[in-house]
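Data file: entry_30.cif. Format and content: mmCIF, C-alpha atoms.
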data_structure
#
loop_
_atom_site.label_atom_id
_atom_site.label_comp_id
_atom_site.auth_asym_id
_atom_site.auth_seq_id
_atom_site.Cartn_x
_atom_site.Cartn_y
_atom_site.Cartn_z
CA MET I 1 -6.64 8.52 51.52
CA GLN I 2 -3.03 8.37 52.61
CA GLN I 3 -0.89 11.43 52.15
CA HIS I 4 1.17 9.93 49.33
CA GLU I 5 -2.06 8.91 47.57
CA ILE I 6 -3.30 12.50 47.74
CA LEU I 7 0.02 13.70 46.28
CA LEU I 8 -0.24 11.09 43.52
CA ALA I 9 -3.85 12.05 42.76
CA GLY I 10 -2.83 15.72 42.58
CA ALA I 11 -0.03 14.87 40.16
CA LEU I 12 -2.40 12.80 37.97
CA PHE I 13 -4.97 15.63 37.91
CA ALA I 14 -2.21 18.06 36.91
CA PHE I 15 -1.31 15.67 34.08
CA LEU I 16 -4.97 15.49 33.00
CA LEU I 17 -5.21 19.28 32.93
CA ALA I 18 -1.99 19.60 30.90
CA ILE I 19 -3.17 16.95 28.41
CA ALA I 20 -6.59 18.60 28.07
CA VAL I 21 -4.98 21.95 27.26
CA ALA I 22 -2.61 20.26 24.79
CA VAL I 23 -5.54 18.50 23.05
CA SER I 24 -7.49 21.72 22.68
CA ARG I 25 -4.43 23.51 21.26
CA ALA I 26 -3.28 20.74 18.89
CA ARG I 27 -4.07 21.41 15.23
CA ASN I 28 -2.65 18.07 14.13
CA LEU I 29 -5.47 15.56 14.63
CA PHE I 30 -3.08 12.60 14.89
CA ALA I 31 -1.42 14.25 17.89
CA ALA I 32 -4.83 15.13 19.37
CA GLY I 33 -6.05 11.54 18.99
CA MET I 34 -2.94 10.15 20.67
CA LEU I 35 -3.25 12.69 23.49
CA THR I 36 -6.89 11.71 24.17
CA GLY I 37 -5.66 8.10 24.46
CA ILE I 38 -3.07 9.23 27.01
CA PHE I 39 -5.82 11.20 28.80
CA SER I 40 -7.80 7.95 29.16
CA LEU I 41 -4.75 6.10 30.43
CA VAL I 42 -4.08 8.75 33.10
CA SER I 43 -7.79 8.61 34.10
CA ALA I 44 -7.37 4.84 34.44
CA GLY I 45 -4.48 5.55 36.81
CA LEU I 46 -6.77 7.78 38.88
CA PHE I 47 -9.44 5.05 39.03
CA THR I 48 -6.80 2.58 40.22
CA LEU I 49 -5.88 5.05 42.96
CA LEU I 50 -9.56 5.04 44.01
CA ASP I 51 -9.42 1.19 44.19
CA ALA I 52 -11.85 0.89 41.26
CA VAL I 53 -9.66 -1.52 39.29
CA ASP I 54 -12.48 -2.88 37.11
CA VAL I 55 -13.46 0.65 36.04
CA ALA I 56 -9.79 1.48 35.46
CA PHE I 57 -9.41 -1.61 33.29
CA THR I 58 -12.46 -0.68 31.21
CA GLU I 59 -11.20 2.88 30.82
CA ALA I 60 -7.80 1.65 29.68
CA ALA I 61 -9.26 -0.93 27.25
CA VAL I 62 -12.03 1.23 25.79
CA GLY I 63 -10.76 4.79 26.20
CA ALA I 64 -7.06 4.29 25.55
CA GLY I 65 -7.33 1.16 23.39
CA ILE I 66 -10.19 0.84 20.96
CA SER I 67 -11.19 4.54 20.86
CA THR I 68 -7.67 5.51 19.82
CA ILE I 69 -7.73 2.82 17.13
CA VAL I 70 -11.11 4.04 15.82
CA VAL I 71 -9.80 7.61 15.75
CA LEU I 72 -6.70 6.47 13.84
CA GLY I 73 -8.89 4.53 11.41
CA THR I 74 -11.00 7.63 10.82
CA LEU I 75 -7.91 9.76 10.30
CA SER I 76 -6.70 7.34 7.62
CA LEU I 77 -9.91 8.25 5.73
CA THR I 78 -10.09 11.98 6.38
CA GLY I 79 -6.77 13.72 6.92
CA GLU I 80 -4.61 14.86 9.76
CA HIS I 81 -5.00 18.63 9.84
CA GLU I 82 -7.73 20.76 11.30
CA GLY I 83 -8.40 24.36 10.27
CA ARG I 84 -8.48 27.14 12.83
CA PRO I 85 -11.83 27.31 14.69
CA ARG I 86 -13.85 30.39 13.75
CA ARG I 87 -15.37 31.13 17.14
CA PRO I 88 -13.22 29.66 19.92
CA LEU I 89 -15.04 31.58 22.67
CA LEU I 90 -18.41 29.81 22.38
CA PRO I 91 -17.07 26.23 22.85
CA LEU I 92 -14.84 27.50 25.68
CA LEU I 93 -17.88 29.03 27.42
CA VAL I 94 -19.98 25.87 26.99
CA THR I 95 -17.16 23.67 28.34
CA ALA I 96 -16.50 25.96 31.31
CA LEU I 97 -20.22 26.08 32.20
CA THR I 98 -20.60 22.30 31.94
CA GLY I 99 -17.49 21.76 34.06
CA ALA I 100 -18.69 24.24 36.68
CA ALA I 101 -22.11 22.51 36.82
CA LEU I 102 -20.42 19.13 37.33
CA VAL I 103 -18.21 20.48 40.15
CA TRP I 104 -21.26 22.15 41.72
CA GLY I 105 -23.04 18.80 41.58
CA THR I 106 -20.30 17.11 43.62
CA LEU I 107 -20.56 19.61 46.50
CA ASP I 108 -23.27 17.74 48.41
CA MET I 109 -21.84 14.29 47.75
CA PRO I 110 -20.59 12.28 50.77
CA GLY I 111 -16.84 12.25 51.40
CA LEU I 112 -14.62 9.70 49.64
CA GLY I 113 -14.81 6.33 51.43
CA ASP I 114 -17.36 7.60 53.99
CA PRO I 115 -18.83 4.40 55.55
CA HIS I 116 -22.15 6.19 56.22
CA ALA I 117 -22.68 7.12 52.58
CA PRO I 118 -26.04 5.81 51.24
CA ILE I 119 -24.29 3.70 48.57
CA HIS I 120 -22.58 1.62 51.28
CA ASN I 121 -25.75 1.01 53.29
CA HIS I 122 -28.34 -0.15 50.78
CA VAL I 123 -27.75 -3.47 48.96
CA ALA I 124 -23.94 -3.37 49.01
CA PRO I 125 -23.57 -5.24 52.36
CA ASP I 126 -25.84 -8.01 51.03
CA TYR I 127 -23.76 -8.29 47.86
CA LEU I 128 -20.49 -8.38 49.80
CA SER I 129 -21.60 -11.12 52.20
CA GLY I 130 -23.80 -12.94 49.67
CA THR I 131 -21.06 -13.27 47.04
CA ALA I 132 -18.99 -15.50 49.31
CA ALA I 133 -22.03 -17.44 50.56
CA HIS I 134 -24.02 -18.01 47.35
CA ILE I 135 -21.82 -17.32 44.32
CA GLY I 136 -18.36 -18.26 45.49
CA ILE I 137 -16.12 -16.22 43.20
CA PRO I 138 -13.51 -13.82 44.58
CA ASN I 139 -14.28 -10.80 42.37
CA VAL I 140 -17.42 -9.19 43.83
CA VAL I 141 -17.63 -6.79 40.88
CA THR I 142 -18.03 -9.72 38.47
CA ALA I 143 -20.57 -11.37 40.81
CA ILE I 144 -22.69 -8.19 40.85
CA LEU I 145 -22.32 -7.53 37.13
CA ALA I 146 -22.95 -11.04 35.84
CA SER I 147 -25.20 -12.57 38.51
CA TYR I 148 -26.94 -10.11 40.85
CA ARG I 149 -27.40 -7.59 38.04
CA GLY I 150 -27.45 -10.13 35.21
CA PHE I 151 -30.57 -8.66 33.66
CA ASP I 152 -29.02 -5.14 33.58
CA THR I 153 -25.92 -6.56 31.92
CA LEU I 154 -28.12 -8.28 29.33
CA GLY I 155 -29.59 -4.82 28.66
CA GLU I 156 -26.09 -3.36 28.23
CA LEU I 157 -25.16 -6.12 25.83
CA VAL I 158 -28.32 -5.56 23.77
CA VAL I 159 -27.48 -1.83 23.67
CA ILE I 160 -24.04 -2.65 22.19
CA PHE I 161 -25.61 -5.12 19.74
CA THR I 162 -28.27 -2.58 18.68
CA ALA I 163 -25.61 0.12 18.22
CA GLY I 164 -23.63 -2.28 16.01
CA VAL I 165 -26.72 -3.13 13.97
CA GLY I 166 -27.44 0.60 13.59
CA VAL I 167 -23.93 1.30 12.27
CA LEU I 168 -24.21 -1.67 9.88
CA LEU I 169 -27.57 -0.44 8.56
CA LEU I 170 -26.36 3.15 8.09
CA LEU I 171 -22.90 2.53 6.65
CA GLY I 172 -23.54 -0.81 4.93
CA ARG I 173 -21.00 -3.58 4.58
CA GLY I 174 -18.62 -1.62 2.43
CA ALA I 175 -17.78 -2.48 -1.13
CA GLU I 176 -19.18 -5.99 -1.38
CA ALA I 177 -22.72 -4.98 -0.31
CA ARG I 178 -23.13 -2.79 -3.41
CA MET L 179 -12.92 7.92 -4.69
CA SER L 180 -10.66 10.24 -2.71
CA ASP L 181 -11.48 8.17 0.37
CA SER L 182 -10.20 4.96 -1.15
CA ASP L 183 -7.16 6.86 -2.45
CA SER L 184 -6.24 8.02 1.02
CA MET L 185 -6.87 4.50 2.35
CA GLN L 186 -4.55 3.05 -0.29
CA ARG L 187 -1.93 5.67 0.45
CA TRP L 188 -2.18 4.73 4.14
CA HIS L 189 -1.49 1.10 3.37
CA LEU L 190 1.33 1.96 0.99
CA ARG L 191 2.88 4.01 3.77
CA MET L 192 2.44 1.07 6.16
CA ARG L 193 4.19 -1.25 3.69
CA GLU L 194 7.24 0.97 3.85
CA LYS L 195 7.51 0.62 7.61
CA PRO L 196 9.10 -2.78 8.33
CA VAL L 197 9.67 -2.06 12.04
CA LEU L 198 5.96 -1.37 12.58
CA ARG L 199 4.96 -4.47 10.61
CA ILE L 200 7.31 -6.84 12.42
CA VAL L 201 6.53 -5.43 15.87
CA ALA L 202 2.79 -5.74 15.13
CA LYS L 203 3.17 -9.30 13.92
CA ARG L 204 5.05 -10.29 17.10
CA PHE L 205 2.67 -8.34 19.31
CA ILE L 206 -0.81 -9.27 18.06
CA PRO L 207 -0.80 -12.91 19.30
CA PHE L 208 -0.08 -11.64 22.80
CA VAL L 209 -2.89 -9.08 22.54
CA LEU L 210 -5.33 -11.86 21.61
CA LEU L 211 -3.99 -14.17 24.34
CA PHE L 212 -4.26 -11.37 26.91
CA ALA L 213 -7.89 -10.83 25.83
CA LEU L 214 -8.61 -14.51 26.56
CA TYR L 215 -6.85 -14.20 29.92
CA VAL L 216 -8.99 -11.17 30.82
CA GLN L 217 -12.09 -13.06 29.67
CA PHE L 218 -11.54 -16.18 31.74
CA HIS L 219 -9.82 -14.56 34.72
CA GLY L 220 -12.69 -12.12 35.30
CA ASP L 221 -14.00 -14.22 38.20
CA TYR L 222 -10.74 -13.81 40.10
CA GLY L 223 -9.36 -10.42 39.15
CA PRO L 224 -10.39 -7.28 37.33
CA GLY L 225 -11.76 -7.89 33.86
CA GLY L 226 -14.58 -9.73 32.15
CA GLY L 227 -16.38 -9.99 28.85
CA PHE L 228 -16.63 -6.28 28.04
CA GLN L 229 -12.92 -5.57 28.49
CA ALA L 230 -11.85 -8.85 26.89
CA GLY L 231 -14.06 -8.28 23.83
CA VAL L 232 -12.66 -4.80 23.32
CA ILE L 233 -9.05 -5.98 23.67
CA PHE L 234 -9.64 -8.87 21.24
CA ALA L 235 -11.22 -6.52 18.68
CA ALA L 236 -8.35 -4.06 19.16
CA GLY L 237 -5.91 -6.83 18.24
CA LEU L 238 -7.89 -7.72 15.09
CA ILE L 239 -8.25 -4.07 14.05
CA LEU L 240 -4.55 -3.43 14.62
CA TYR L 241 -3.88 -6.31 12.24
CA ALA L 242 -6.17 -4.77 9.61
CA MET L 243 -4.58 -1.33 10.01
CA ILE L 244 -1.06 -2.63 9.43
CA PHE L 245 -1.68 -5.43 6.88
CA GLY L 246 -4.83 -4.20 5.16
CA ARG L 247 -8.54 -4.88 5.43
CA GLU L 248 -8.34 -7.87 3.06
CA ALA L 249 -5.90 -9.64 5.37
CA LEU L 250 -8.34 -9.36 8.27
CA GLU L 251 -11.23 -10.51 6.08
CA LYS L 252 -9.38 -13.80 5.59
CA VAL L 253 -9.10 -14.26 9.36
CA ALA L 254 -12.54 -12.93 10.28
CA PRO L 255 -14.99 -12.82 7.35
CA PRO L 256 -17.44 -9.89 7.77
CA ARG L 257 -20.48 -12.18 7.54
CA ALA L 258 -19.11 -14.48 10.27
CA VAL L 259 -18.41 -11.42 12.43
CA GLU L 260 -22.01 -10.23 12.03
CA ILE L 261 -23.36 -13.67 12.93
CA ALA L 262 -21.06 -13.81 15.97
CA ALA L 263 -22.46 -10.48 17.19
CA ALA L 264 -25.94 -11.99 17.31
CA LEU L 265 -24.67 -15.32 18.70
CA GLY L 266 -23.29 -13.65 21.83
CA VAL L 267 -26.69 -12.15 22.69
CA LEU L 268 -28.30 -15.51 21.89
CA LEU L 269 -25.91 -17.30 24.26
CA TYR L 270 -26.69 -14.82 27.06
CA THR L 271 -30.46 -15.05 26.68
CA GLY L 272 -30.12 -18.82 26.11
CA VAL L 273 -28.61 -19.15 29.59
CA GLY L 274 -31.64 -17.24 30.92
CA VAL L 275 -34.04 -19.59 29.15
CA ALA L 276 -32.07 -22.61 30.42
CA THR L 277 -32.42 -21.41 34.03
CA MET L 278 -36.17 -21.02 33.49
CA LEU L 279 -36.35 -24.56 32.09
CA GLY L 280 -34.41 -25.70 35.18
CA GLY L 281 -37.19 -24.29 37.34
CA GLY L 282 -35.59 -20.99 38.39
CA ASN L 283 -36.11 -17.35 37.48
CA PHE L 284 -34.69 -15.81 34.30
CA LEU L 285 -30.87 -15.66 34.73
CA ALA L 286 -30.96 -17.17 38.25
CA TYR L 287 -27.96 -19.40 37.54
CA GLY L 288 -28.39 -21.54 40.64
CA ALA L 289 -31.01 -23.52 38.68
CA LEU L 290 -28.35 -24.68 36.18
CA ASP L 291 -27.11 -27.31 38.65
CA SER L 292 -29.80 -28.82 40.87
CA HIS L 293 -27.27 -30.48 43.21
CA ASP L 294 -24.87 -27.58 43.73
CA PRO L 295 -26.32 -24.08 43.14
CA MET L 296 -22.88 -22.49 43.58
CA HIS L 297 -21.55 -24.55 40.68
CA GLY L 298 -24.56 -23.39 38.68
CA GLN L 299 -23.58 -19.79 39.48
CA HIS L 300 -20.01 -20.39 38.26
CA LEU L 301 -21.27 -21.99 35.04
CA GLY L 302 -23.84 -19.25 34.42
CA ILE L 303 -21.31 -16.44 34.96
CA LEU L 304 -18.80 -18.17 32.66
CA LEU L 305 -21.39 -18.54 29.88
CA VAL L 306 -22.91 -15.05 30.04
CA GLU L 307 -19.42 -13.48 30.19
CA ALA L 308 -18.54 -15.52 27.09
CA GLY L 309 -21.68 -14.16 25.40
CA VAL L 310 -20.68 -10.60 26.34
CA GLY L 311 -17.13 -11.11 25.05
CA ILE L 312 -18.27 -12.57 21.72
CA THR L 313 -20.80 -9.81 21.01
CA VAL L 314 -18.52 -6.94 22.07
CA ALA L 315 -15.57 -8.22 20.01
CA ALA L 316 -17.79 -8.87 16.98
CA VAL L 317 -19.61 -5.52 17.11
CA MET L 318 -16.33 -3.57 17.42
CA THR L 319 -14.83 -5.49 14.48
CA ALA L 320 -18.01 -5.07 12.38
CA VAL L 321 -18.03 -1.31 13.06
CA TYR L 322 -14.39 -1.15 11.99
CA PHE L 323 -15.24 -3.02 8.76
CA CYS L 324 -17.93 -0.39 8.07
CA TYR L 325 -15.47 2.48 8.48
CA ALA L 326 -12.63 0.78 6.65
CA GLY L 327 -14.96 -0.12 3.73
CA ARG L 328 -16.20 3.44 3.23
CA GLY L 329 -15.70 4.64 -0.30
CA ALA L 330 -13.71 1.57 -1.32
CA GLY L 331 -16.23 0.44 -3.94
CA GLU L 332 -17.12 3.77 -5.55
#

Re-express the file's structure as structure tokens.
Amino acid sequence: MQQHEILLAGALFAFLLAIAVAVSRARNLFAAGMLTGIFSLVSAGLFTLLDAVDVAFTEAAVGAGISTIVVLGTLSLTGEHEGRPRRPLLPLLVTALTGAALVWGTLDMPGLGDPHAPIHNHVAPDYLSGTAAHIGIPNVVTAILASYRGFDTLGELVVIFTAGVGVLLLLGRGAEAR
Amino acid sequence: MSDSDSMQRWHLRMREKPVLRIVAKRFIPFVLLFALYVQFHGDYGPGGGFQAGVIFAAGLILYAMIFGREALEKVAPPRAVEIAAALGVLLYTGVGVATMLGGGNFLAYGALDSHDPMHGQHLGILLVEAGVGITVAAVMTAVYFCYAGRGAGE
């Protein structure tokens, strides 16, 4: 990473931290929902910095877009204010432990952009050269997702479909179904 | 009961906000158009069916939140949305079956065009991405209908 990229990443992480603290302190759920949307948008900025534009796009569309809308829709049914939590220490402990475990898990990962990392030496070279030779579209991510890993993507799609069917079965089709 | 009351109050509040309504009305066509751009430009830049479907559904849901659930039901009837959710998966698997009929493996798009396998790949990717976009947009909209319909009939 270039020096200005490291500075930018540091600034974005500082933003993320500030937003996370603000979300946990907000008692107004509308504000908390909006802040989680902003959290997703800043994460999308971080993914862009890591050159993962497709992931960034998904994060922006799903995390900042539709999730915020679903939260707003839920708030229109429930209400905007949250009572004070009874035991704030227990969730804080669980979150801190989970976060520490995740950071611990990254310690033996290869460095960012390391060309000798296992991920860059397995099938990735085949995909990169094969996309131009056999598939002929510029976006390698789409080639992997839709063609090389087409069966996996079918699985993902069926997961989304099944989740939708589950919600429909549990919550019904609203007023007209009854 | 109280749910439908709060929902009605929400829409009454929305009716009193002309700026929000007019901005939404100007904005939603561009949201839908952008979703189509993301869908069909996925071969060349970032994007694809998943993102496009979510953006399209977000546009539809925004419409329902500002103008009411009934307004969206005129544009996208719930039954049609549910059928579309299944149609997307059918289109995806249908492409797989078509490649098998063409003599290839399941989802090996090269078999779609016996003269030019690369063209077959382009066609296959276009069709499965369309299937993904249709199902994702329909499932998101159907889930929204479920939430927005809660308590309305009691």

Distance table requested - chain I against chain L, cut-off 8 Å, all atoms listed in the file: one row per qualifying residue with the closest atom pair and its distance in Å to one decimal, ordered by chain and rising residue number, as CSV.
residue,atom,partner,partner_atom,distance
I:Val53,CA,L:Pro224,CA,6.1
I:Asp54,CA,L:Pro224,CA,4.9
I:Phe57,CA,L:Gly225,CA,6.7
I:Thr58,CA,L:Gln229,CA,5.6
I:Ala61,CA,L:Gln229,CA,6.0
I:Val62,CA,L:Val232,CA,6.5
I:Gly65,CA,L:Ala236,CA,6.8
I:Ile66,CA,L:Ala236,CA,5.5
I:Ile69,CA,L:Ala236,CA,7.2
I:Val70,CA,L:Tyr322,CA,7.2
I:Gly73,CA,L:Ala326,CA,7.1
I:Thr74,CA,L:Tyr325,CA,7.2
I:Ser76,CA,L:Met185,CA,6.0
I:Leu77,CA,L:Asp181,CA,5.6
I:Thr78,CA,L:Asp181,CA,7.3
I:His134,CA,L:Met296,CA,6.0
I:Ile135,CA,L:Met296,CA,5.3
I:Gly136,CA,L:Met296,CA,6.5
I:Ile137,CA,L:Asp221,CA,5.8
I:Pro138,CA,L:Tyr222,CA,5.3
I:Asn139,CA,L:Tyr222,CA,5.2
I:Thr142,CA,L:Asp221,CA,6.0
I:Ala143,CA,L:Asp221,CA,7.6
I:Ala146,CA,L:Ile303,CA,5.7
I:Ser147,CA,L:Ile303,CA,6.5
I:Gly150,CA,L:Leu285,CA,6.5
I:Phe151,CA,L:Leu285,CA,7.1
I:Leu154,CA,L:Tyr270,CA,7.1
I:Leu157,CA,L:Val310,CA,6.4
I:Val158,CA,L:Val267,CA,6.9
I:Ile160,CA,L:Val314,CA,7.0
I:Phe161,CA,L:Val317,CA,6.6
I:Gly164,CA,L:Val317,CA,5.3
I:Val167,CA,L:Val321,CA,6.5
I:Leu168,CA,L:Cys324,CA,6.7
I:Leu171,CA,L:Cys324,CA,5.9
I:Gly172,CA,L:Cys324,CA,6.4
I:Arg173,CA,L:Cys324,CA,5.6
I:Gly174,CA,L:Gly327,CA,4.2
I:Ala175,CA,L:Gly331,CA,4.3
I:Glu176,CA,L:Gly331,CA,7.5
I:Arg178,CA,L:Gly331,CA,7.6

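Put simply, CA of Ala52 (chain I) is 24.3 Å away from CA of Leu210 (chain L).
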
First collect every listed atom of region 42-46 of chain I; then fit an axis-aligned box around them, widen it by 5 Å on each side, and give centre and edge lengths in Å to one decimal, as lines of an AutoDock Vina configuration file.
center_x = -5.9
center_y = 6.8
center_z = 36.0
size_x = 13.7
size_y = 13.9
size_z = 15.8

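By chain and then residue number, the residues within 12 Å of Pro125 (chain I) are Pro115, Pro118, Ile119, Thr131, Ala132, Val140 and Ile144 of chain I, counting only C-alpha atoms and disregarding those fewer than 6 positions away in sequence.
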
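Here the selection is built from only C-alpha atoms, and the residues within 7 Å of (-7.6, 2.7, 36.4) turn out to be Ser43, Ala44, Gly45, Leu46, Phe47, Thr48, Ala52, Val53, Val55, Ala56, Phe57, Glu59 and Ala60 of chain I.
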
Would you save the residues from that selection as a PDB file, keeping the file's coordinate frame, using C-alpha atoms?
ATOM      1  CA  SER I  43      -7.790   8.610  34.100  1.00  0.00           C
ATOM      2  CA  ALA I  44      -7.370   4.840  34.440  1.00  0.00           C
ATOM      3  CA  GLY I  45      -4.480   5.550  36.810  1.00  0.00           C
ATOM      4  CA  LEU I  46      -6.770   7.780  38.880  1.00  0.00           C
ATOM      5  CA  PHE I  47      -9.440   5.050  39.030  1.00  0.00           C
ATOM      6  CA  THR I  48      -6.800   2.580  40.220  1.00  0.00           C
ATOM      7  CA  ALA I  52     -11.850   0.890  41.260  1.00  0.00           C
ATOM      8  CA  VAL I  53      -9.660  -1.520  39.290  1.00  0.00           C
ATOM      9  CA  VAL I  55     -13.460   0.650  36.040  1.00  0.00           C
ATOM     10  CA  ALA I  56      -9.790   1.480  35.460  1.00  0.00           C
ATOM     11  CA  PHE I  57      -9.410  -1.610  33.290  1.00  0.00           C
ATOM     12  CA  GLU I  59     -11.200   2.880  30.820  1.00  0.00           C
ATOM     13  CA  ALA I  60      -7.800   1.650  29.680  1.00  0.00           C
TER      14      ALA I  60
END

### Message
Give me, as a PyMOL selection string, all polymer residues having an atom no more than 12 Å from Ala11 (chain I), counting all atoms listed in the file and skipping those fewer than 5 positions away in the same chain.
### Response
chain I and resi 4-6+16-18+42-43+45-46+49

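If you look at CA of Tyr148 (chain I) and CA of Asp126 (chain I), they are 10.5 Å away from each other.
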
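One finds CA of Thr68 (chain I) at 26.9 Å from CA of Arg87 (chain I).
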
### Query
Could you name the residues that touch region 111-114 of chain I at 10 Å or less, counting only C-alpha atoms, but leaving out those on the same chain fewer than 5 positions away, as a list in words?
Met1, Leu50, Thr106, Ile119 and His120 of chain I

### Message
Give me the residues near Gly37 (chain I) as a count of residues only, where near means some atom within 8 Å (using all atoms listed in the file) and where sequence neighbours in that chain fewer than 2 positions away do not count.
### Response
11

### Query
Could you write out as an MDAnalysis selection string the residues that the PyMOL selection byres ((chain L and resi 200-205) around 12) matches in the shown file?
chainID L and resid 192:199 206:212 236:245
